[in-house]
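Peer 1: This is the structure, below, for whatever I ask next.
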Amino acid sequence: MSSNSNYIHWNVEAKVKNKKHKEISDLIIKMKDYVAKEESQTLEYDFYFNEDKSKLYINECYSNNEAALEHLNNFNQFSEEFFKNIEILKVNMFGPVNDKIRSIFASQNTIFWSKTK
C-alpha cells in the first residue's frame, strides 16, 4: 500500500443545526460541483449523514498544502451558508500540515496526527 507523503487529509464531524439537513444537502451539491470543476488537486471530497441526519461527516484529501489552501480560499464563498447550518464538533488532520493551515484550524477542536515511519 502506498500513499503520497505530501497528501493533506482531514475529516470533520459536525452537528446539523435545527434539522437543516435539506439546506446543507443542497449546498453540498453546489460545493461538490465547484470542486470537481475548479480544483484538480482535490483528491477526495465526500460528505456523509448519520441515520437521523443530525450529524455530518466530511472526508477531504488534497495533493499537498498548496492544494488544501486553494480549497480553503475557494470555500470562503460557501462558508457563511455552510456554518449557518452546521457546528463543527471535531476535526482530525493528517499529513505534513503547514503552519498556515494549522492556524486556520486552530480555533476548531482539531487534532493533528503525524504519520509513523
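Residue numbers start at 1 in each chain; chains themselves are named A, B, ... in the order of the C-alpha cells; ligands are numbered from 1 in the order shown.
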What residues in chain A get the DSSP label alpha helix (DSSP H)? Please answer as a VMD selection string.
Peer 2: chain A and resid 21 to 38 65 to 85 99 to 105
Peer 1: Dump C-alpha atoms for the selected residues as a CSV table (one decimal), in the first residue's frame?
Peer 2:
chain,number,residue,atom,x,y,z
A,21,HIS,CA,-30.1,18.7,6.5
A,22,LYS,CA,-32.0,19.6,3.3
A,23,GLU,CA,-30.4,23.0,3.2
A,24,ILE,CA,-26.9,21.6,3.8
A,25,SER,CA,-27.5,18.8,1.3
A,26,ASP,CA,-28.4,21.4,-1.4
A,27,LEU,CA,-25.3,23.4,-0.5
A,28,ILE,CA,-23.1,20.3,-0.6
A,29,ILE,CA,-24.2,19.6,-4.2
A,30,LYS,CA,-23.1,23.1,-5.2
A,31,MET,CA,-19.8,22.8,-3.3
A,32,LYS,CA,-19.0,19.3,-4.9
A,33,ASP,CA,-19.8,20.7,-8.4
A,34,TYR,CA,-17.5,23.6,-7.8
A,35,VAL,CA,-14.7,21.5,-6.5
A,36,ALA,CA,-15.0,19.0,-9.4
A,37,LYS,CA,-14.7,21.8,-11.9
A,38,GLU,CA,-12.1,24.1,-10.3
A,65,ASN,CA,-0.5,22.0,1.4
A,66,GLU,CA,-0.9,24.4,-1.6
A,67,ALA,CA,-4.0,22.5,-2.9
A,68,ALA,CA,-5.5,22.4,0.6
A,69,LEU,CA,-5.0,26.2,0.9
A,70,GLU,CA,-6.5,26.8,-2.5
A,71,HIS,CA,-9.6,24.8,-1.4
A,72,LEU,CA,-9.9,26.7,1.9
A,73,ASN,CA,-9.7,30.0,0.0
A,74,ASN,CA,-12.3,28.8,-2.5
A,75,PHE,CA,-14.5,27.6,0.3
A,76,ASN,CA,-15.0,31.2,1.6
A,77,GLN,CA,-17.7,31.7,-1.0
A,78,PHE,CA,-19.8,29.0,0.7
A,79,SER,CA,-18.7,29.4,4.3
A,80,GLU,CA,-21.4,31.7,5.6
A,81,GLU,CA,-24.3,29.4,4.5
A,82,PHE,CA,-22.3,26.3,5.5
A,83,PHE,CA,-21.7,27.5,9.1
A,84,LYS,CA,-25.2,28.8,9.4
A,85,ASN,CA,-26.4,25.2,9.2
A,99,ASP,CA,1.6,26.5,9.8
A,100,LYS,CA,-0.9,28.4,7.7
A,101,ILE,CA,-3.4,25.5,7.6
A,102,ARG,CA,-2.7,24.9,11.3
A,103,SER,CA,-3.6,28.5,12.1
A,104,ILE,CA,-6.9,28.3,10.1
A,105,PHE,CA,-8.0,25.2,12.1
Peer 1: Nearest to A:Glu39 among A:Ser63, A:Ser5, A:Asn92, A:Asn109, with distances taken over only C-alpha atoms: which residue is it?
Peer 2: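 The closest residue to A:Glu39 is A:Ser63.
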Peer 1: Within 8 Å of A:Tyr48, counting only C-alpha atoms, which residues show up once you throw out same-chain ones fewer than 4 positions away? Write them as a PyMOL selection string, please.
Peer 2: chain A and resi 56-58
Peer 1: Just write the chosen residues, N, CA and C atoms, as a PDB file, in the first residue's frame.
Peer 2:
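Writing done, so here's result_16.pdb:
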ATOM      1  N   LEU A  56     -23.116  15.347  10.408  1.00  0.00           N
ATOM      2  CA  LEU A  56     -22.492  15.310   9.092  1.00  0.00           C
ATOM      3  C   LEU A  56     -21.027  14.955   9.276  1.00  0.00           C
ATOM      4  N   TYR A  57     -20.542  14.031   8.454  1.00  0.00           N
ATOM      5  CA  TYR A  57     -19.137  13.643   8.464  1.00  0.00           C
ATOM      6  C   TYR A  57     -18.558  14.029   7.108  1.00  0.00           C
ATOM      7  N   ILE A  58     -17.429  14.714   7.126  1.00  0.00           N
ATOM      8  CA  ILE A  58     -16.798  15.200   5.899  1.00  0.00           C
ATOM      9  C   ILE A  58     -15.401  14.610   5.806  1.00  0.00           C
TER      10      ILE A  58
END
Peer 1: What's the 9 Å shell around A:Leu89, counting only C-alpha atoms, without same-chain residues fewer than 6 positions away, as a tab-separated table (two decimals) with N, CA and C atoms, in the first residue's frame?
Peer 2:
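Okay, this is what ended up in result_25.tsv:
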chain	number	residue	atom	x	y	z
A	12	VAL	N	-14.01	15.77	9.30
A	12	VAL	CA	-14.73	16.68	10.19
A	12	VAL	C	-16.02	15.99	10.63
A	13	GLU	N	-16.28	16.05	11.92
A	13	GLU	CA	-17.58	15.63	12.43
A	13	GLU	C	-18.31	16.89	12.86
A	14	ALA	N	-19.54	17.04	12.37
A	14	ALA	CA	-20.31	18.25	12.64
A	14	ALA	C	-21.75	17.91	13.01
A	15	LYS	N	-22.34	18.81	13.78
A	15	LYS	CA	-23.75	18.71	14.15
A	15	LYS	C	-24.54	19.56	13.16
A	108	GLN	N	-10.76	25.52	15.93
A	108	GLN	CA	-11.66	24.36	15.92
A	108	GLN	C	-11.11	23.32	16.90
A	109	ASN	N	-11.91	22.34	17.20
A	109	ASN	CA	-11.47	21.23	18.04
A	109	ASN	C	-10.69	20.26	17.14
Peer 1: With distances taken over only C-alpha atoms, which residue among A:Asn18, A:Ser107, A:Asn50, A:Ser114 lies nearest A:Phe94?
Peer 2: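 Smallest separation from A:Phe94 among the options: A:Ser114.
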Peer 1: Rank nothing, just name the residue among A:Cys61, A:Ile111, A:Val91, A:Ile86 nearest to A:Tyr7, using only C-alpha atoms.
Peer 2: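 Closest residue, counting only C-alpha atoms: A:Cys61.
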Peer 1: What does the distance from atom CA of A:Thr42 to atom CA of A:Ala106 come to in Å, to one decimal?
Peer 2: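 Straight-line distance from atom CA of A:Thr42 to atom CA of A:Ala106 works out to 21.9 Å.
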Peer 1: At what distance in Å, to one decimal, does atom CA of A:Val16 lie from atom CA of A:Leu43?
Peer 2: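 Between atom CA of A:Leu43 and atom CA of A:Val16 the gap works out to 24.9 Å.
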